[in-house]
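Next comes input.txt, with compact mmCIF, C-alpha atoms and all ligand atoms.
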# COMPACT_ATOMS: atom_id res chain seq x y z
CA MET X 1 39.91 -81.99 10.52
CA ASP X 2 38.57 -84.55 12.94
CA PHE X 3 39.93 -87.81 14.24
CA PHE X 4 38.07 -90.16 11.89
CA ASN X 5 40.26 -90.63 8.84
CA TYR X 6 41.13 -93.27 6.29
CA LYS X 7 44.47 -95.01 6.52
CA GLN X 8 45.14 -97.20 3.51
CA ASP X 9 41.46 -97.01 2.67
CA GLN X 10 40.34 -98.24 6.09
CA LEU X 11 38.40 -95.88 8.34
CA PHE X 12 40.16 -95.24 11.64
CA ALA X 13 39.01 -93.63 14.85
CA GLU X 14 42.23 -92.04 16.06
CA ASP X 15 44.62 -95.02 15.83
CA VAL X 16 42.02 -97.76 15.95
CA ASN X 17 40.68 -99.51 12.89
CA VAL X 18 36.90 -99.08 12.90
CA ALA X 19 36.37 -102.50 11.34
CA ASP X 20 38.21 -104.04 14.30
CA ILE X 21 35.84 -102.28 16.66
CA ALA X 22 32.90 -103.72 14.74
CA ALA X 23 34.43 -107.18 14.87
CA GLN X 24 35.02 -106.93 18.61
CA PHE X 25 31.92 -105.10 19.78
CA ASN X 26 29.43 -105.72 16.99
CA THR X 27 27.11 -103.17 15.36
CA PRO X 28 25.37 -100.78 15.58
CA ALA X 29 27.93 -98.91 17.69
CA TYR X 30 28.65 -95.31 18.51
CA ILE X 31 32.35 -94.46 18.46
CA TYR X 32 33.70 -91.28 20.03
CA SER X 33 37.19 -89.82 19.88
CA ARG X 34 38.63 -88.47 23.09
CA ALA X 35 41.16 -86.34 21.21
CA ALA X 36 38.38 -84.73 19.18
CA ILE X 37 36.34 -83.92 22.28
CA GLU X 38 39.36 -82.38 23.95
CA ARG X 39 40.35 -80.38 20.92
CA HIS X 40 36.86 -78.99 20.41
CA TRP X 41 36.47 -78.09 24.10
CA GLN X 42 39.89 -76.49 24.26
CA ALA X 43 39.12 -74.35 21.21
CA PHE X 44 36.59 -72.45 23.33
CA ASP X 45 38.81 -72.25 26.38
CA THR X 46 41.85 -71.08 24.45
CA ALA X 47 39.94 -68.56 22.35
CA ALA X 48 38.40 -67.01 25.47
CA GLY X 49 41.95 -66.67 26.79
CA GLU X 50 42.44 -64.15 29.57
CA HIS X 51 38.86 -62.94 29.54
CA PRO X 52 37.09 -64.44 32.59
CA HIS X 53 35.04 -67.34 31.27
CA LEU X 54 33.52 -70.74 31.86
CA VAL X 55 32.85 -73.33 29.18
CA CYS X 56 29.67 -75.14 30.24
CA TYR X 57 29.30 -78.10 27.91
CA ALA X 58 25.61 -78.69 27.05
CA VAL X 59 25.04 -82.16 28.48
CA LYS X 60 21.98 -82.83 26.31
CA ALA X 61 24.20 -83.23 23.24
CA ASN X 62 25.83 -86.34 24.67
CA SER X 63 25.47 -87.27 28.32
CA ASN X 64 27.53 -90.45 28.46
CA LEU X 65 29.51 -90.57 31.72
CA GLY X 66 32.75 -91.26 29.87
CA VAL X 67 32.19 -88.21 27.68
CA LEU X 68 31.33 -86.00 30.65
CA ASN X 69 34.34 -87.27 32.55
CA VAL X 70 36.73 -86.35 29.73
CA MET X 71 35.46 -82.79 29.95
CA ALA X 72 35.34 -82.74 33.76
CA ARG X 73 39.04 -83.59 33.71
CA LEU X 74 39.65 -80.53 31.54
CA GLY X 75 37.93 -78.42 34.19
CA SER X 76 34.75 -77.97 32.18
CA GLY X 77 31.52 -76.57 33.50
CA PHE X 78 28.20 -78.05 32.39
CA ASP X 79 24.88 -76.76 31.12
CA ILE X 80 22.09 -79.03 32.34
CA VAL X 81 18.34 -79.12 31.78
CA SER X 82 17.19 -81.72 34.31
CA GLY X 83 17.96 -83.34 37.62
CA GLY X 84 18.99 -86.41 35.67
CA GLU X 85 21.67 -84.43 33.85
CA LEU X 86 22.91 -83.00 37.15
CA ALA X 87 23.17 -86.52 38.57
CA ARG X 88 25.16 -87.59 35.53
CA VAL X 89 27.54 -84.63 35.86
CA ILE X 90 28.17 -85.43 39.53
CA GLU X 91 28.55 -89.16 38.83
CA ALA X 92 31.08 -88.36 36.11
CA GLY X 93 33.20 -86.26 38.46
CA GLY X 94 31.99 -82.85 37.27
CA ASP X 95 32.01 -79.90 39.65
CA PRO X 96 28.46 -78.78 40.56
CA ALA X 97 29.85 -75.33 41.32
CA LYS X 98 30.43 -74.99 37.57
CA VAL X 99 26.91 -76.02 36.53
CA VAL X 100 24.29 -73.77 34.97
CA PHE X 101 20.73 -75.08 34.97
CA SER X 102 18.66 -74.17 31.88
CA GLY X 103 15.18 -75.22 30.81
CA VAL X 104 11.61 -73.94 31.02
CA GLY X 105 10.09 -76.51 33.38
CA LYS X 106 12.27 -77.08 36.44
CA THR X 107 10.38 -79.01 39.13
CA GLU X 108 10.59 -78.23 42.85
CA ALA X 109 12.50 -81.45 43.40
CA GLU X 110 15.03 -80.52 40.70
CA ILE X 111 15.49 -77.04 42.14
CA GLU X 112 16.05 -78.48 45.60
CA TYR X 113 18.56 -80.98 44.28
CA ALA X 114 20.46 -78.25 42.43
CA LEU X 115 20.49 -75.94 45.45
CA GLU X 116 21.74 -78.71 47.71
CA ALA X 117 24.43 -79.58 45.17
CA GLY X 118 25.50 -75.92 45.05
CA ILE X 119 25.24 -75.16 41.36
CA TYR X 120 26.66 -72.00 39.83
CA CYS X 121 23.44 -70.52 38.48
CA PHE X 122 19.82 -71.13 37.53
CA ASN X 123 18.98 -69.82 34.07
CA VAL X 124 15.39 -68.73 34.65
CA GLU X 125 12.81 -68.57 31.89
CA SER X 126 9.65 -67.14 33.50
CA GLU X 127 8.24 -65.27 36.49
CA PRO X 128 6.49 -68.33 37.97
CA GLU X 129 9.87 -70.03 37.87
CA LEU X 130 11.41 -67.12 39.83
CA ASP X 131 8.69 -67.58 42.46
CA ARG X 132 9.26 -71.31 42.61
CA ILE X 133 13.04 -71.04 43.00
CA ASN X 134 12.59 -68.35 45.65
CA LYS X 135 10.17 -70.55 47.58
CA VAL X 136 12.38 -73.63 47.49
CA ALA X 137 15.47 -71.59 48.43
CA ALA X 138 13.59 -70.07 51.37
CA GLU X 139 12.58 -73.53 52.61
CA LEU X 140 16.22 -74.60 52.48
CA ASP X 141 17.39 -71.30 53.94
CA LYS X 142 19.62 -70.68 50.93
CA GLN X 143 20.19 -67.90 48.41
CA ALA X 144 19.68 -69.10 44.83
CA PRO X 145 22.02 -67.63 42.20
CA ILE X 146 19.96 -66.71 39.15
CA SER X 147 20.26 -65.41 35.63
CA ILE X 148 17.35 -64.50 33.41
CA ARG X 149 17.12 -65.87 29.92
CA VAL X 150 16.30 -63.03 27.61
CA ASN X 151 14.73 -63.72 24.30
CA PRO X 152 16.43 -61.23 21.97
CA ASP X 153 14.01 -61.85 19.08
CA VAL X 154 16.61 -62.52 16.42
CA ASP X 155 16.27 -65.03 13.64
CA ALA X 156 18.90 -67.71 14.00
CA LYS X 157 18.24 -68.80 10.40
CA THR X 158 18.29 -72.45 11.32
CA HIS X 159 15.76 -75.30 11.30
CA PRO X 160 12.49 -74.11 12.97
CA TYR X 161 12.60 -77.00 15.47
CA ILE X 162 15.95 -75.86 16.80
CA SER X 163 15.43 -72.10 16.57
CA THR X 164 14.74 -70.70 20.00
CA GLY X 165 15.34 -66.94 20.00
CA LEU X 166 12.17 -65.72 18.29
CA LYS X 167 9.15 -64.29 20.07
CA ALA X 168 7.09 -67.19 18.78
CA ASN X 169 9.24 -69.64 20.79
CA LYS X 170 8.51 -70.80 24.32
CA PHE X 171 11.92 -69.74 25.61
CA GLY X 172 13.04 -66.82 27.74
CA ILE X 173 11.59 -63.43 28.64
CA GLU X 174 10.83 -60.88 25.93
CA ARG X 175 13.43 -58.15 25.68
CA GLU X 176 10.82 -55.47 26.34
CA ARG X 177 9.77 -56.98 29.67
CA ALA X 178 13.22 -57.98 30.84
CA LEU X 179 13.92 -54.92 33.02
CA GLU X 180 10.67 -55.30 34.89
CA VAL X 181 11.25 -59.03 35.44
CA TYR X 182 14.78 -58.36 36.70
CA LYS X 183 13.39 -55.82 39.17
CA TYR X 184 10.91 -58.39 40.35
CA ALA X 185 13.67 -61.00 40.76
CA ALA X 186 15.77 -58.52 42.73
CA SER X 187 12.84 -57.96 45.07
CA LEU X 188 12.60 -61.63 46.04
CA SER X 189 14.29 -62.44 49.32
CA HIS X 190 16.06 -65.70 48.46
CA LEU X 191 17.28 -64.93 44.96
CA ASN X 192 20.66 -63.57 44.13
CA VAL X 193 20.61 -61.92 40.71
CA GLN X 194 23.94 -62.60 39.03
CA GLY X 195 23.71 -63.01 35.32
CA ILE X 196 21.94 -62.77 32.04
CA ASP X 197 21.66 -65.45 29.42
CA CYS X 198 20.36 -66.08 25.94
CA HIS X 199 20.38 -68.94 23.49
CA ILE X 200 18.94 -68.27 20.07
CA GLY X 201 19.09 -71.66 18.44
CA SER X 202 21.26 -74.51 17.37
CA GLN X 203 23.34 -75.29 14.26
CA LEU X 204 23.89 -71.61 13.44
CA THR X 205 26.26 -71.23 10.52
CA GLU X 206 26.62 -67.44 10.56
CA ILE X 207 28.09 -65.10 13.14
CA GLN X 208 25.69 -62.21 12.62
CA PRO X 209 22.68 -63.55 14.57
CA PHE X 210 24.96 -64.15 17.58
CA ILE X 211 26.23 -60.59 17.35
CA ASP X 212 22.73 -59.14 16.98
CA ALA X 213 21.65 -61.03 20.09
CA LEU X 214 24.76 -59.93 21.97
CA ASP X 215 24.19 -56.27 21.12
CA LYS X 216 20.67 -56.45 22.50
CA VAL X 217 21.78 -58.19 25.67
CA LEU X 218 24.66 -55.75 26.28
CA ALA X 219 22.27 -52.81 25.97
CA LEU X 220 20.06 -54.47 28.53
CA ILE X 221 23.00 -54.98 30.90
CA ASP X 222 23.55 -51.20 30.78
CA GLU X 223 19.88 -50.53 31.47
CA LEU X 224 20.01 -52.90 34.42
CA LYS X 225 23.10 -51.18 35.76
CA ALA X 226 21.32 -47.82 35.59
CA ALA X 227 18.47 -49.42 37.54
CA GLY X 228 20.91 -50.57 40.22
CA ILE X 229 21.06 -54.23 39.18
CA ALA X 230 24.62 -55.43 38.66
CA ILE X 231 25.22 -58.29 36.23
CA SER X 232 28.45 -60.20 36.72
CA HIS X 233 28.18 -62.85 34.05
CA LEU X 234 26.87 -63.12 30.52
CA ASP X 235 25.89 -66.58 29.29
CA VAL X 236 25.78 -66.56 25.50
CA GLY X 237 24.27 -70.06 25.21
CA GLY X 238 25.36 -72.60 22.64
CA GLY X 239 24.35 -72.94 19.04
CA LEU X 240 27.56 -72.79 17.02
CA GLY X 241 27.03 -74.97 13.96
CA VAL X 242 29.18 -77.73 12.52
CA THR X 243 29.85 -79.09 9.06
CA TYR X 244 27.57 -82.00 8.23
CA ALA X 245 27.64 -81.54 4.45
CA ASP X 246 29.01 -78.33 2.99
CA GLU X 247 27.99 -75.83 5.69
CA LYS X 248 30.77 -73.40 6.53
CA PRO X 249 30.16 -72.33 10.11
CA PRO X 250 32.66 -69.95 11.66
CA ALA X 251 35.52 -71.62 13.47
CA THR X 252 35.22 -71.53 17.25
CA GLU X 253 38.15 -69.09 17.41
CA GLU X 254 36.43 -66.73 14.99
CA TYR X 255 33.12 -66.93 16.85
CA VAL X 256 34.67 -66.30 20.26
CA ALA X 257 36.84 -63.47 18.89
CA ALA X 258 33.76 -61.76 17.44
CA LEU X 259 32.05 -61.90 20.83
CA LYS X 260 35.13 -60.72 22.70
CA ALA X 261 35.48 -57.78 20.33
CA LYS X 262 32.21 -56.48 21.78
CA LEU X 263 33.47 -56.81 25.34
CA THR X 264 36.66 -54.79 25.23
CA ASP X 265 35.38 -52.27 27.77
CA ARG X 266 33.76 -54.98 29.91
CA ALA X 267 36.81 -56.86 31.10
CA ASP X 268 35.07 -58.07 34.25
CA LEU X 269 31.97 -59.44 32.61
CA LYS X 270 32.45 -63.20 32.85
CA LEU X 271 31.54 -65.03 29.65
CA ILE X 272 29.77 -68.37 29.81
CA PHE X 273 29.49 -70.64 26.77
CA GLU X 274 27.08 -73.56 26.48
CA PRO X 275 28.38 -75.46 23.45
CA GLY X 276 27.00 -78.91 22.76
CA ARG X 277 27.03 -79.78 19.08
CA SER X 278 30.25 -77.94 18.23
CA ILE X 279 32.12 -80.09 20.74
CA MET X 280 30.46 -83.44 20.18
CA ALA X 281 28.94 -83.77 16.68
CA ASN X 282 32.17 -84.40 14.83
CA ALA X 283 33.70 -86.26 17.74
CA GLY X 284 31.52 -89.27 17.02
CA ILE X 285 30.32 -91.69 14.35
CA LEU X 286 27.67 -94.39 14.28
CA ILE X 287 28.72 -97.61 12.60
CA THR X 288 26.22 -100.00 11.15
CA LYS X 289 26.22 -103.15 9.04
CA VAL X 290 24.31 -103.67 5.80
CA GLU X 291 21.90 -106.53 6.40
CA PHE X 292 20.25 -106.69 2.99
CA ILE X 293 20.22 -104.94 -0.31
CA LYS X 294 16.69 -104.67 -1.63
CA ASN X 295 16.24 -103.43 -5.15
CA GLY X 296 12.81 -101.97 -5.82
CA GLU X 297 11.29 -100.65 -8.99
CA GLU X 298 11.76 -97.03 -8.00
CA LYS X 299 14.36 -97.21 -5.28
CA ASN X 300 17.17 -99.33 -4.01
CA PHE X 301 17.32 -99.84 -0.30
CA ALA X 302 20.29 -100.65 1.87
CA ILE X 303 18.70 -102.12 4.97
CA VAL X 304 21.13 -101.63 7.84
CA ASP X 305 21.17 -102.69 11.48
CA ALA X 306 20.95 -99.12 12.87
CA ALA X 307 17.63 -97.30 12.78
CA MET X 308 15.75 -94.17 13.74
CA ASN X 309 15.69 -95.38 17.34
CA ASP X 310 19.51 -95.13 17.32
CA LEU X 311 19.79 -91.87 15.37
CA ILE X 312 16.60 -89.90 14.91
CA ARG X 313 18.00 -86.68 13.42
CA PRO X 314 17.43 -87.67 9.77
CA SER X 315 13.80 -88.66 10.47
CA LEU X 316 12.99 -85.81 12.83
CA TYR X 317 14.70 -82.84 11.21
CA SER X 318 15.41 -84.18 7.72
CA ALA X 319 19.02 -83.79 8.83
CA TRP X 320 21.67 -84.84 6.34
CA GLN X 321 24.61 -86.75 7.73
CA ASN X 322 27.31 -88.23 5.59
CA ILE X 323 27.31 -92.01 5.22
CA VAL X 324 30.57 -93.57 4.15
CA PRO X 325 31.87 -97.13 3.74
CA VAL X 326 34.25 -98.18 6.50
CA ASP X 327 36.31 -99.91 3.82
CA ALA X 328 37.00 -97.38 1.07
CA SER X 329 38.82 -99.87 -1.12
CA LEU X 330 35.55 -101.46 -2.28
CA THR X 331 35.67 -101.65 -6.03
CA ARG X 332 32.10 -102.77 -6.66
CA GLU X 333 29.98 -100.60 -8.86
CA ALA X 334 28.21 -97.97 -6.80
CA ALA X 335 24.43 -97.68 -6.83
CA VAL X 336 22.09 -95.13 -5.28
CA TYR X 337 20.40 -96.28 -2.08
CA ASP X 338 18.09 -95.12 0.63
CA VAL X 339 19.88 -96.27 3.75
CA VAL X 340 17.07 -97.49 6.01
CA GLY X 341 16.68 -99.28 9.30
CA PRO X 342 14.50 -102.27 10.20
CA ILE X 343 11.84 -100.21 12.03
CA CYS X 344 8.26 -100.38 10.81
CA GLU X 345 7.97 -96.75 9.76
CA THR X 346 8.50 -95.12 6.39
CA GLY X 347 10.33 -92.36 8.25
CA ASP X 348 12.97 -94.80 9.40
CA PHE X 349 15.94 -93.77 7.33
CA LEU X 350 19.50 -92.63 8.00
CA GLY X 351 20.05 -91.18 4.56
CA LYS X 352 18.37 -90.95 1.20
CA ASP X 353 19.76 -91.24 -2.32
CA ARG X 354 23.29 -92.10 -1.29
CA LYS X 355 25.68 -93.45 -3.87
CA LEU X 356 27.53 -96.34 -2.29
CA PRO X 357 29.52 -99.35 -3.57
CA ILE X 358 28.02 -101.73 -1.03
CA ALA X 359 26.77 -105.28 -0.56
CA ALA X 360 25.24 -107.15 2.37
CA GLY X 361 27.71 -107.52 5.21
CA ASP X 362 29.55 -104.26 4.53
CA LEU X 363 30.06 -101.69 7.26
CA LEU X 364 28.95 -98.08 6.98
CA ALA X 365 29.75 -95.10 9.18
CA VAL X 366 27.27 -92.29 9.72
CA ARG X 367 29.45 -89.27 10.31
CA SER X 368 28.89 -86.37 12.72
CA SER X 369 26.82 -88.50 15.09
CA GLY X 370 28.45 -87.60 18.39
CA ALA X 371 25.86 -84.93 19.29
CA TYR X 372 22.13 -85.60 19.63
CA GLY X 373 22.73 -89.19 18.56
CA PHE X 374 22.71 -91.58 21.48
CA THR X 375 21.02 -89.04 23.78
CA MET X 376 17.96 -89.05 21.53
CA ALA X 377 17.95 -92.84 21.12
CA SER X 378 14.98 -94.91 22.25
CA ASN X 379 13.94 -98.53 22.53
CA TYR X 380 11.23 -98.20 19.88
CA ASN X 381 10.35 -101.54 18.31
CA SER X 382 11.97 -103.08 21.40
CA ARG X 383 15.41 -102.57 20.01
CA VAL X 384 18.25 -102.55 22.52
CA ARG X 385 20.28 -99.38 22.51
CA ALA X 386 23.70 -99.51 20.88
CA VAL X 387 27.06 -99.90 22.56
CA GLU X 388 29.09 -96.70 22.99
CA ILE X 389 32.86 -96.84 22.57
CA MET X 390 35.39 -94.13 23.25
CA VAL X 391 38.71 -94.36 21.49
CA ASP X 392 41.75 -92.91 23.20
CA GLY X 393 44.83 -93.17 21.00
CA ASN X 394 45.17 -96.80 20.01
CA LYS X 395 42.67 -98.17 22.53
CA PRO X 396 38.89 -98.54 22.33
CA TYR X 397 37.01 -98.44 25.64
CA VAL X 398 33.39 -99.42 26.18
CA VAL X 399 31.78 -96.38 27.83
CA ARG X 400 28.30 -97.90 27.71
CA GLU X 401 27.53 -101.54 27.14
CA ARG X 402 25.05 -102.60 24.54
CA GLU X 403 21.73 -103.15 26.26
CA GLN X 404 20.57 -106.71 26.93
CA LEU X 405 17.08 -107.98 26.17
CA THR X 406 16.27 -107.98 29.91
CA ASP X 407 17.04 -104.24 30.01
CA LEU X 408 14.07 -103.76 27.70
CA TRP X 409 11.54 -104.56 30.42
CA LYS X 410 13.48 -103.38 33.45
CA GLY X 411 10.98 -102.13 36.05
CA GLU X 412 7.94 -103.52 34.24
CA GLN X 413 5.46 -105.65 36.22
CA LEU X 414 2.74 -108.17 35.49
CA LEU X 415 -0.64 -107.78 37.18
CA PRO X 416 -1.14 -110.20 40.09
N1 LIG V 1 21.97 -74.06 25.73
C1 LIG V 1 20.64 -74.18 25.62
C2 LIG V 1 19.78 -73.40 26.53
C3 LIG V 1 20.07 -75.03 24.66
O1 LIG V 1 18.76 -75.12 24.55
C4 LIG V 1 20.92 -75.77 23.80
C5 LIG V 1 20.38 -76.69 22.81
C6 LIG V 1 22.32 -75.63 23.97
C7 LIG V 1 22.80 -74.76 24.92
C8 LIG V 1 23.30 -76.37 23.12
O2 LIG V 1 23.21 -75.99 21.79
P1 LIG V 1 24.25 -76.52 20.70
O3 LIG V 1 25.60 -75.89 21.00
O4 LIG V 1 24.31 -77.99 20.78
O5 LIG V 1 23.69 -76.04 19.41
N2 LIG V 1 18.28 -82.16 18.88
C9 LIG V 1 18.62 -81.07 17.98
C10 LIG V 1 19.31 -79.94 18.71
C11 LIG V 1 18.51 -79.37 19.85
C12 LIG V 1 19.22 -78.26 20.59
C13 LIG V 1 18.48 -77.85 21.81
N3 LIG V 1 19.13 -76.87 22.62
C14 LIG V 1 19.45 -81.63 16.84
O6 LIG V 1 19.72 -82.83 16.82
O7 LIG V 1 19.82 -80.91 15.92
Could you write out this file's structure as structure tokens?
Amino acid sequence: MDFFNYKQDQLFAEDVNVADIAAQFNTPAYIYSRAAIERHWQAFDTAAGEHPHLVCYAVKANSNLGVLNVMARLGSGFDIVSGGELARVIEAGGDPAKVVFSGVGKTEAEIEYALEAGIYCFNVESEPELDRINKVAAELDKQAPISIRVNPDVDAKTHPYISTGLKANKFGIERERALEVYKYAASLSHLNVQGIDCHIGSQLTEIQPFIDALDKVLALIDELKAAGIAISHLDVGGGLGVTYADEKPPATEEYVAALKAKLTDRADLKLIFEPGRSIMANAGILITKVEFIKNGEEKNFAIVDAAMNDLIRPSLYSAWQNIVPVDASLTREAAVYDVVGPICETGDFLGKDRKLPIAAGDLLAVRSSGAYGFTMASNYNSRVRAVEIMVDGNKPYVVREREQLTDLWKGEQLLP
């Protein structure tokens, strides 16, 4: 269950009528539910229970300050992949000491910023990156806490664009070379080897690939111990899937319990989680208005005021997200539509072949849009980015204003 439900046929976000939000703030608009975010975050924290752990929300899924702040208030850690994400975490009141820094291409400036801020750990993906972090740490006279991302070579069985744990991917260090790379890291003067991490992909709907990866990583921890390298934390990455259509991913409790079952004789090994989608996807919707109905010979189109620049997942990954009328009492005859935006690209669609009882002026909600929605939005076709609203109980709050036209050319200059 999430917090977007019909009451007397009207879609509500918690206790706020979605149509009222549209009337007040216009469309397209992202709407998030604070209660949903909190519930999804707490599912990890509660399931981990007494085992030492840190939930590091993956900022890339949704980096709005209001969203980050809700989690910061719960005591969340954060998984970041850029200096920009670190700045957001700090601005939102997050604790840098609970930040892990992932990503294959950290710049010297980003490493310096993270060291000065005092982050919890760098998740390192290559030997040149070890050298770079060591160099920057030496210049600042600091010790950099590091973990090495191991690529366990397991098939996450998800979309190839979001599968990251195979040898063919650019991520992490191959399992076979991991021991040697750890020894190298341990030999560098300004690195402090602390952890191990892996992340095999996103939108996983089965537990087994996680377990296969965990088994490989635990075996490596034992090898490292034998080689005199002590590992104090294990970062299992993110990747837990959600229900968009009829997927049946394991519940967070089930997933965490399966991991913990492997750690019974490792009570001191701190577990770090990097969930993004499983916290945010179903904590948000995108609402949009039907501008025109266009009936073609082969297809009917519902042309709406949201587009691929607002939500690119359908275009980019052929992702299916449910599209529902905000007013479910509509009694018109339903027809089958491609729900498309106004952008000049054939790939600009939010959904295809959807049966909907709609007419121009009606409101639609694209479900499961809280993760990788706004964060992947752009200004393509010089469209201003949508307003973001967070509902808390019976109150909607603007957590990001709709952009103005002048925002479109902010920082641009004419030649003299
Ligand atoms: N940790 C690392 C190192 C990651 O690369 C990712 C996601 C996460 C954690 C969070 O994974 P999650 O729990 O959200 O699955 N834009 C795509 C998803 C890209 C995921 C990239 N990495 C989409 O819209 O489906």
Can I get the residues of chain X within 6 Å of ligand LIG 1 (chain V), each with the closest pair of atoms and their distance in Å to one decimal, using all atoms listed in the file, sorted chain first then ascending number, as a tab-separated table?
residue	atom	partner	partner_atom	distance
X:Ala58	CA	V:LIG1	C8	5.1
X:Ala61	CA	V:LIG1	O4	5.8
X:Ser102	CA	V:LIG1	C2	5.5
X:Ile162	CA	V:LIG1	C11	5.3
X:His199	CA	V:LIG1	C2	5.4
X:Ser202	CA	V:LIG1	O5	3.5
X:Gln203	CA	V:LIG1	O5	5.2
X:Gly237	CA	V:LIG1	N1	4.6
X:Gly238	CA	V:LIG1	O3	3.7
X:Gly239	CA	V:LIG1	O5	3.2
X:Leu240	CA	V:LIG1	O3	5.4
X:Glu274	CA	V:LIG1	C7	4.7
X:Pro275	CA	V:LIG1	O3	3.7
X:Gly276	CA	V:LIG1	O4	3.5
X:Arg277	CA	V:LIG1	O4	3.7
X:Ser278	CA	V:LIG1	O3	5.8
X:Arg313	CA	V:LIG1	O6	5.4
X:Tyr372	CA	V:LIG1	O6	4.6
Selection as an MDAnalysis selection string: residues within 10 Å of (42.9, -99.9, 22.0), counting all atoms listed in the file: chainID X and resid 14:17 20:21 390:397
Would you give the centre and edge lengths, in Å to one decimal, of a box along x, y and z around the listed atoms of range 322-339 of chain X, with 8 Å added to each side, as AutoDock Vina command-line options?
--center_x 28.5 --center_y -95.5 --center_z -1.2 --size_x 36.7 --size_y 30.5 --size_z 31.4
Per-residue nearest contacts range 239-321 of chain X to range 373-386 of chain X, cut-off 7 Å, using all atoms listed in the file, as CSV:
residue,atom,partner,partner_atom,distance
X:Asn309,CA,X:Ser378,CA,5.0
X:Asp310,CA,X:Ala377,CA,4.7
X:Leu311,CA,X:Gly373,CA,5.1
X:Ile312,CA,X:Met376,CA,6.8
Please produce a file of the residues just selected, as a compact mmCIF listing (two decimals), in the frame of the given file, where the atoms kept are C-alpha atoms.
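Written output follows (part24.txt):
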# COMPACT_ATOMS: atom_id res chain seq x y z
CA ASN X 309 15.69 -95.38 17.34
CA ASP X 310 19.51 -95.13 17.32
CA LEU X 311 19.79 -91.87 15.37
CA ILE X 312 16.60 -89.90 14.91
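Going from CA of Val387 in chain X to CA of Met308 in chain X covers 15.4 Å.
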Point-to-point distance from CA of Leu204 in chain X to CA of Tyr255 in chain X, Å rounded to tenths: 10.9 Å
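Take CA of Leu115 in chain X and CA of Asn151 in chain X: the distance between them is 25.1 Å.
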Polymer residues at most 9 Å from range 219-227 of chain X, all atoms listed in the file, same-chain spacing of 6 or more positions, as a ChimeraX atom specification: /X:175,178-179,182-183,196
Compute the distance from (29.3, -65.7, 37.4) to each atom, counting all atoms listed in the file, keep the residues with any atom at most 7 Å away, and return them as a PDB file with C-alpha atoms, in the coordinates of the input; use the coordinates of the file.
ATOM      1  CA  GLN X 194      23.940 -62.600  39.030  1.00  0.00           C
ATOM      2  CA  GLY X 195      23.710 -63.010  35.320  1.00  0.00           C
ATOM      3  CA  SER X 232      28.450 -60.200  36.720  1.00  0.00           C
ATOM      4  CA  HIS X 233      28.180 -62.850  34.050  1.00  0.00           C
ATOM      5  CA  LYS X 270      32.450 -63.200  32.850  1.00  0.00           C
TER       6      LYS X 270
END
Can you rebuild range 107-118 of chain X with N, CA and C atoms and give it as a PDB file, in the coordinates of the input?
ATOM      1  N   THR X 107      11.305 -78.618  38.058  1.00  0.00           N
ATOM      2  CA  THR X 107      10.380 -79.010  39.130  1.00  0.00           C
ATOM      3  C   THR X 107      10.957 -78.578  40.485  1.00  0.00           C
ATOM      4  N   GLU X 108      10.097 -78.579  41.506  1.00  0.00           N
ATOM      5  CA  GLU X 108      10.590 -78.230  42.850  1.00  0.00           C
ATOM      6  C   GLU X 108      11.692 -79.177  43.279  1.00  0.00           C
ATOM      7  N   ALA X 109      11.496 -80.461  42.991  1.00  0.00           N
ATOM      8  CA  ALA X 109      12.500 -81.450  43.400  1.00  0.00           C
ATOM      9  C   ALA X 109      13.838 -81.175  42.695  1.00  0.00           C
ATOM     10  N   GLU X 110      13.778 -80.798  41.435  1.00  0.00           N
ATOM     11  CA  GLU X 110      15.030 -80.520  40.700  1.00  0.00           C
ATOM     12  C   GLU X 110      15.716 -79.270  41.258  1.00  0.00           C
ATOM     13  N   ILE X 111      14.917 -78.280  41.599  1.00  0.00           N
ATOM     14  CA  ILE X 111      15.490 -77.040  42.140  1.00  0.00           C
ATOM     15  C   ILE X 111      16.161 -77.321  43.488  1.00  0.00           C
ATOM     16  N   GLU X 112      15.486 -78.127  44.291  1.00  0.00           N
ATOM     17  CA  GLU X 112      16.050 -78.480  45.600  1.00  0.00           C
ATOM     18  C   GLU X 112      17.377 -79.225  45.440  1.00  0.00           C
ATOM     19  N   TYR X 113      17.358 -80.191  44.540  1.00  0.00           N
ATOM     20  CA  TYR X 113      18.560 -80.980  44.280  1.00  0.00           C
ATOM     21  C   TYR X 113      19.721 -80.071  43.849  1.00  0.00           C
ATOM     22  N   ALA X 114      19.416 -79.134  42.953  1.00  0.00           N
ATOM     23  CA  ALA X 114      20.460 -78.250  42.430  1.00  0.00           C
ATOM     24  C   ALA X 114      20.966 -77.293  43.519  1.00  0.00           C
ATOM     25  N   LEU X 115      20.063 -76.833  44.366  1.00  0.00           N
ATOM     26  CA  LEU X 115      20.490 -75.940  45.450  1.00  0.00           C
ATOM     27  C   LEU X 115      21.353 -76.692  46.453  1.00  0.00           C
ATOM     28  N   GLU X 116      20.941 -77.898  46.773  1.00  0.00           N
ATOM     29  CA  GLU X 116      21.740 -78.710  47.710  1.00  0.00           C
ATOM     30  C   GLU X 116      23.119 -79.020  47.122  1.00  0.00           C
ATOM     31  N   ALA X 117      23.152 -79.256  45.813  1.00  0.00           N
ATOM     32  CA  ALA X 117      24.430 -79.580  45.170  1.00  0.00           C
ATOM     33  C   ALA X 117      25.320 -78.339  45.052  1.00  0.00           C
ATOM     34  N   GLY X 118      24.715 -77.160  45.126  1.00  0.00           N
ATOM     35  CA  GLY X 118      25.500 -75.920  45.050  1.00  0.00           C
ATOM     36  C   GLY X 118      25.888 -75.533  43.644  1.00  0.00           C
TER      37      GLY X 118
END
